[in-house]
Amino acid sequence: MNCTLIGTQLGFKCKPVADGLFYLESPLTLPFDGNLIGAYIQDLGNGQVRISDNADTLFSAITHGVKPTAERGRKMAELVAASGLELSDQGEIFKACPEGQLGFYLARFIEAAEHVGFACNKMRPAPASRFDQIIGAALKAVYPKSLKSDYKIIGASGHQLTLPFAVEAQNGQTTLIQTVSTRDGKIDWSLVYRAVGKMLDIKNAHADTLRRVILEPGEDEENRRAATALADAASVIIYTGPQHLKAALAA
């Protein structure tokens, strides 16, 4: 194989890595970090080549907060297979093919990397809201050793639910905490309904848990309506400051 010839024909940057091994860099980027999509091309001899990302795509996604699971692994494998390539157990996107089909499968490789990239981008955890950061700091000051973040629990539905905070007391009692922030100074009702569903799911599976929803204060009437909507699912605290929060959680 000739690196310069390959790069010229495909419009990619090509550089030798080792004897019989080249790296092609495309002008396309991964959606979650902006890095250029590239492929290692290995000459296997006898007119055969191997295209690989050296597991860089999924490794990069993990460094950006995507947590690998068996279900997600199956989904990634299906996306890669749909483009005619394979995904190894180690997360490598690859394909061995005749050298004459390199251009065809390299295009499929780029396609697969893009599909995986977009799927991984949707799996990235949402950044903590400003209100979550305020509550997290307040809770950390009160419960420096017993505070847990991104606490996971299985609800009655059988689904794993994640709460932003939980406090594990020495007596074994756990207080589960969900936050509801405002949007432009008004209660975000989509978050209220989501909190109701989550807390009821937990209540139906773990009736003895202490469930708290902390509301970022909005208009008084909106606060009352949100508290009423949440009443059957959890105790509601309208946040007014760290000291009030400490007292409210202890009540």
# chains A, B, ... in the order shown; residues from 1 in each chain; ligands from 1
>>> residues_around(residues="Gly197 in chain A", least_positions_apart="4", cutoff="8 Å", atoms="only C-alpha atoms", output="list in words")
Tyr193, Asp201 and Ala233 of chain A
>>> residues_around(residues="range 63-73 of chain A", least_positions_apart="2", cutoff="7 Å", atoms="only C-alpha atoms", output="compact mmCIF listing (two decimals) with N, CA, C and O atoms, in the first residue's frame")
# COMPACT_ATOMS: atom_id res chain seq x y z
N PHE A 59 -13.68 4.44 23.54
CA PHE A 59 -12.86 4.86 24.68
C PHE A 59 -13.02 6.36 24.92
O PHE A 59 -13.15 6.82 26.05
N SER A 60 -13.02 7.12 23.82
CA SER A 60 -13.21 8.56 23.94
C SER A 60 -14.58 8.88 24.52
O SER A 60 -14.72 9.80 25.35
N ALA A 61 -15.61 8.12 24.12
CA ALA A 61 -16.96 8.34 24.66
C ALA A 61 -16.99 8.10 26.16
O ALA A 61 -17.64 8.84 26.91
N LYS A 75 -26.29 -2.43 21.46
CA LYS A 75 -26.78 -1.39 20.56
C LYS A 75 -25.66 -0.90 19.66
O LYS A 75 -25.86 -0.71 18.45
N MET A 76 -24.48 -0.71 20.23
CA MET A 76 -23.34 -0.26 19.42
C MET A 76 -22.98 -1.31 18.37
O MET A 76 -22.68 -0.97 17.22
N ALA A 77 -23.00 -2.57 18.77
CA ALA A 77 -22.68 -3.64 17.83
C ALA A 77 -23.66 -3.67 16.66
O ALA A 77 -23.28 -3.91 15.51
N CYS A 120 -23.62 7.73 21.21
CA CYS A 120 -22.93 7.98 22.46
C CYS A 120 -23.19 9.39 22.99
O CYS A 120 -23.28 9.60 24.19
N MET A 123 -26.10 9.50 25.06
CA MET A 123 -25.94 8.77 26.33
C MET A 123 -25.13 9.54 27.37
O MET A 123 -25.04 9.12 28.51
N ARG A 124 -24.56 10.66 26.95
CA ARG A 124 -23.76 11.43 27.90
C ARG A 124 -24.64 11.99 29.00
O ARG A 124 -25.75 12.45 28.74
N PRO A 125 -24.16 11.97 30.24
CA PRO A 125 -24.96 12.54 31.32
C PRO A 125 -25.14 14.04 31.15
O PRO A 125 -24.23 14.73 30.70
>>> residues_around(residues="range 42-57 of chain A", least_positions_apart="2", cutoff="9 Å", atoms="only C-alpha atoms", output="NGL selection string")
:A and (1 or 19-23 or 30 or 37-40 or 59-62 or 87-88 or 90-100 or 102 or 105-106 or 109 or 113 or 116-117)
>>> write_last_selection(atoms="C-alpha atoms", output="PDB file, in the first residue's frame")
ATOM      1  CA  MET A   1       0.000   0.000   0.000  1.00  0.00           C
ATOM      2  CA  ASP A  19       5.839  -0.931   8.663  1.00  0.00           C
ATOM      3  CA  GLY A  20       2.616  -1.897   6.875  1.00  0.00           C
ATOM      4  CA  LEU A  21       0.482   0.281   9.140  1.00  0.00           C
ATOM      5  CA  PHE A  22      -0.987   3.695   8.253  1.00  0.00           C
ATOM      6  CA  TYR A  23      -3.342   6.159   9.906  1.00  0.00           C
ATOM      7  CA  LEU A  30     -17.149  12.903  16.450  1.00  0.00           C
ATOM      8  CA  ILE A  37     -12.602  10.501  12.834  1.00  0.00           C
ATOM      9  CA  GLY A  38      -9.653   8.395  11.769  1.00  0.00           C
ATOM     10  CA  ALA A  39      -8.782   4.806  10.925  1.00  0.00           C
ATOM     11  CA  TYR A  40      -5.740   2.589  11.158  1.00  0.00           C
ATOM     12  CA  PHE A  59     -12.855   4.863  24.679  1.00  0.00           C
ATOM     13  CA  SER A  60     -13.215   8.559  23.939  1.00  0.00           C
ATOM     14  CA  ALA A  61     -16.957   8.342  24.660  1.00  0.00           C
ATOM     15  CA  ILE A  62     -16.228   6.758  28.045  1.00  0.00           C
ATOM     16  CA  LEU A  87     -17.353  -4.476  16.918  1.00  0.00           C
ATOM     17  CA  SER A  88     -15.030  -6.473  19.144  1.00  0.00           C
ATOM     18  CA  GLN A  90     -12.913  -4.647  23.542  1.00  0.00           C
ATOM     19  CA  GLY A  91     -14.845  -1.916  21.719  1.00  0.00           C
ATOM     20  CA  GLU A  92     -12.834  -1.883  18.498  1.00  0.00           C
ATOM     21  CA  ILE A  93     -14.632  -1.046  15.247  1.00  0.00           C
ATOM     22  CA  PHE A  94     -12.908  -3.063  12.519  1.00  0.00           C
ATOM     23  CA  LYS A  95     -13.148  -4.797   9.162  1.00  0.00           C
ATOM     24  CA  ALA A  96     -10.777  -7.017   7.193  1.00  0.00           C
ATOM     25  CA  CYS A  97     -11.267  -6.857   3.429  1.00  0.00           C
ATOM     26  CA  PRO A  98      -9.458  -7.152   0.075  1.00  0.00           C
ATOM     27  CA  GLU A  99      -7.316  -4.109  -0.696  1.00  0.00           C
ATOM     28  CA  GLY A 100      -9.493  -3.379  -3.723  1.00  0.00           C
ATOM     29  CA  LEU A 102     -10.614  -0.480   0.949  1.00  0.00           C
ATOM     30  CA  TYR A 105     -15.288  -0.197   3.578  1.00  0.00           C
ATOM     31  CA  LEU A 106     -13.463   2.920   4.696  1.00  0.00           C
ATOM     32  CA  PHE A 109     -16.209   2.726   8.637  1.00  0.00           C
ATOM     33  CA  ALA A 113     -18.086   5.794  13.615  1.00  0.00           C
ATOM     34  CA  VAL A 116     -21.781   5.332  17.167  1.00  0.00           C
ATOM     35  CA  GLY A 117     -20.688   8.874  17.947  1.00  0.00           C
TER      36      GLY A 117
END
>>> select_by_dssp(residues="range 38-250 of chain A", states="strand (DSSP E or B)", output="PyMOL selection string")
chain A and resi 38-45+48-52+86-87+93-98+147-154+160-168+174-180+182-183+186-187+210-215+235-238
>>> write_last_selection(atoms="C-alpha atoms", output="CSV table (one decimal), in the first residue's frame")
chain,number,residue,atom,x,y,z
A,38,GLY,CA,-9.7,8.4,11.8
A,39,ALA,CA,-8.8,4.8,10.9
A,40,TYR,CA,-5.7,2.6,11.2
A,41,ILE,CA,-5.1,0.7,7.9
A,42,GLN,CA,-3.0,-2.5,8.3
A,43,ASP,CA,-1.5,-4.4,5.4
A,44,LEU,CA,-2.2,-8.1,6.2
A,45,GLY,CA,-0.5,-9.4,3.1
A,48,GLN,CA,-5.8,-8.1,2.4
A,49,VAL,CA,-6.1,-5.1,4.7
A,50,ARG,CA,-7.6,-4.4,8.0
A,51,ILE,CA,-9.4,-1.2,9.0
A,52,SER,CA,-9.6,-0.3,12.7
A,86,GLU,CA,-17.7,-5.5,13.3
A,87,LEU,CA,-17.4,-4.5,16.9
A,93,ILE,CA,-14.6,-1.0,15.2
A,94,PHE,CA,-12.9,-3.1,12.5
A,95,LYS,CA,-13.1,-4.8,9.2
A,96,ALA,CA,-10.8,-7.0,7.2
A,97,CYS,CA,-11.3,-6.9,3.4
A,98,PRO,CA,-9.5,-7.2,0.1
A,147,LEU,CA,-23.7,12.2,51.0
A,148,LYS,CA,-23.9,10.2,47.8
A,149,SER,CA,-24.3,11.6,44.3
A,150,ASP,CA,-26.0,9.9,41.3
A,151,TYR,CA,-27.6,7.4,43.7
A,152,LYS,CA,-29.1,4.4,41.9
A,153,ILE,CA,-32.1,2.4,43.0
A,154,ILE,CA,-34.5,-0.1,41.3
A,160,GLN,CA,-32.9,1.5,37.5
A,161,LEU,CA,-33.6,5.1,38.7
A,162,THR,CA,-30.9,7.7,39.4
A,163,LEU,CA,-31.4,10.4,42.0
A,164,PRO,CA,-29.0,13.4,42.1
A,165,PHE,CA,-28.4,12.9,45.9
A,166,ALA,CA,-28.9,10.5,48.8
A,167,VAL,CA,-27.9,10.6,52.4
A,168,GLU,CA,-27.0,7.3,54.1
A,174,THR,CA,-31.3,6.4,53.4
A,175,THR,CA,-32.9,9.7,52.4
A,176,LEU,CA,-33.4,9.9,48.7
A,177,ILE,CA,-33.3,13.5,47.3
A,178,GLN,CA,-34.6,14.7,43.9
A,179,THR,CA,-34.3,18.3,42.9
A,180,VAL,CA,-36.6,20.4,40.7
A,182,THR,CA,-37.0,26.6,37.8
A,183,ARG,CA,-36.8,27.8,34.3
A,186,LYS,CA,-40.9,29.6,37.0
A,187,ILE,CA,-41.5,26.0,38.0
A,210,LEU,CA,-37.4,8.7,53.0
A,211,ARG,CA,-38.1,10.6,49.8
A,212,ARG,CA,-37.5,14.3,49.6
A,213,VAL,CA,-38.0,16.6,46.6
A,214,ILE,CA,-36.3,20.0,46.9
A,215,LEU,CA,-37.9,22.7,44.9
A,235,SER,CA,-42.1,15.2,51.1
A,236,VAL,CA,-41.5,18.6,49.5
A,237,ILE,CA,-38.9,21.2,50.6
A,238,ILE,CA,-38.9,24.6,49.1
>>> residues_around(residues="range 242-249 of chain A", least_positions_apart="2", cutoff="8 Å", atoms="only C-alpha atoms", output="list in words")
Ala138, Leu139, Val142, Arg212, Ile237, Tyr239, Thr240 and Ala251 of chain A
>>> write_last_selection(atoms="N, CA, C and O atoms", output="PDB file, in the first residue's frame")
ATOM      1  N   ALA A 138     -24.601  22.616  49.534  1.00  0.00           N
ATOM      2  CA  ALA A 138     -25.251  22.730  50.841  1.00  0.00           C
ATOM      3  C   ALA A 138     -25.289  21.376  51.554  1.00  0.00           C
ATOM      4  O   ALA A 138     -25.019  21.279  52.762  1.00  0.00           O
ATOM      5  N   LEU A 139     -25.613  20.327  50.818  1.00  0.00           N
ATOM      6  CA  LEU A 139     -25.667  18.990  51.410  1.00  0.00           C
ATOM      7  C   LEU A 139     -24.281  18.504  51.819  1.00  0.00           C
ATOM      8  O   LEU A 139     -24.115  17.851  52.859  1.00  0.00           O
ATOM      9  N   VAL A 142     -23.275  19.778  55.169  1.00  0.00           N
ATOM     10  CA  VAL A 142     -23.989  19.183  56.305  1.00  0.00           C
ATOM     11  C   VAL A 142     -23.663  17.708  56.466  1.00  0.00           C
ATOM     12  O   VAL A 142     -23.538  17.200  57.587  1.00  0.00           O
ATOM     13  N   ARG A 212     -37.434  12.847  49.466  1.00  0.00           N
ATOM     14  CA  ARG A 212     -37.529  14.294  49.555  1.00  0.00           C
ATOM     15  C   ARG A 212     -37.357  14.905  48.168  1.00  0.00           C
ATOM     16  O   ARG A 212     -36.450  14.506  47.424  1.00  0.00           O
ATOM     17  N   ILE A 237     -39.639  20.097  49.980  1.00  0.00           N
ATOM     18  CA  ILE A 237     -38.917  21.181  50.641  1.00  0.00           C
ATOM     19  C   ILE A 237     -38.723  22.287  49.619  1.00  0.00           C
ATOM     20  O   ILE A 237     -38.160  22.045  48.543  1.00  0.00           O
ATOM     21  N   TYR A 239     -36.639  25.295  48.818  1.00  0.00           N
ATOM     22  CA  TYR A 239     -35.321  25.729  49.279  1.00  0.00           C
ATOM     23  C   TYR A 239     -35.270  27.236  49.505  1.00  0.00           C
ATOM     24  O   TYR A 239     -35.611  28.031  48.621  1.00  0.00           O
ATOM     25  N   THR A 240     -34.839  27.607  50.709  1.00  0.00           N
ATOM     26  CA  THR A 240     -34.648  29.027  51.024  1.00  0.00           C
ATOM     27  C   THR A 240     -33.250  29.321  51.531  1.00  0.00           C
ATOM     28  O   THR A 240     -32.890  30.489  51.702  1.00  0.00           O
ATOM     29  N   ALA A 251     -36.284  16.942  59.830  1.00  0.00           N
ATOM     30  CA  ALA A 251     -37.654  16.865  60.360  1.00  0.00           C
ATOM     31  C   ALA A 251     -38.282  15.517  60.038  1.00  0.00           C
ATOM     32  O   ALA A 251     -37.993  14.903  59.017  1.00  0.00           O
TER      33      ALA A 251
END
>>> atom_distance(atom1="CA of Leu191 in chain A", atom2="CA of Ser146 in chain A")
25.9 Å
>>> select_by_dssp(residues="range 26-137 of chain A", states="helix (DSSP H, G or I)", output="ChimeraX atom specification")
/A:56-63,70-82,99-123,130-137
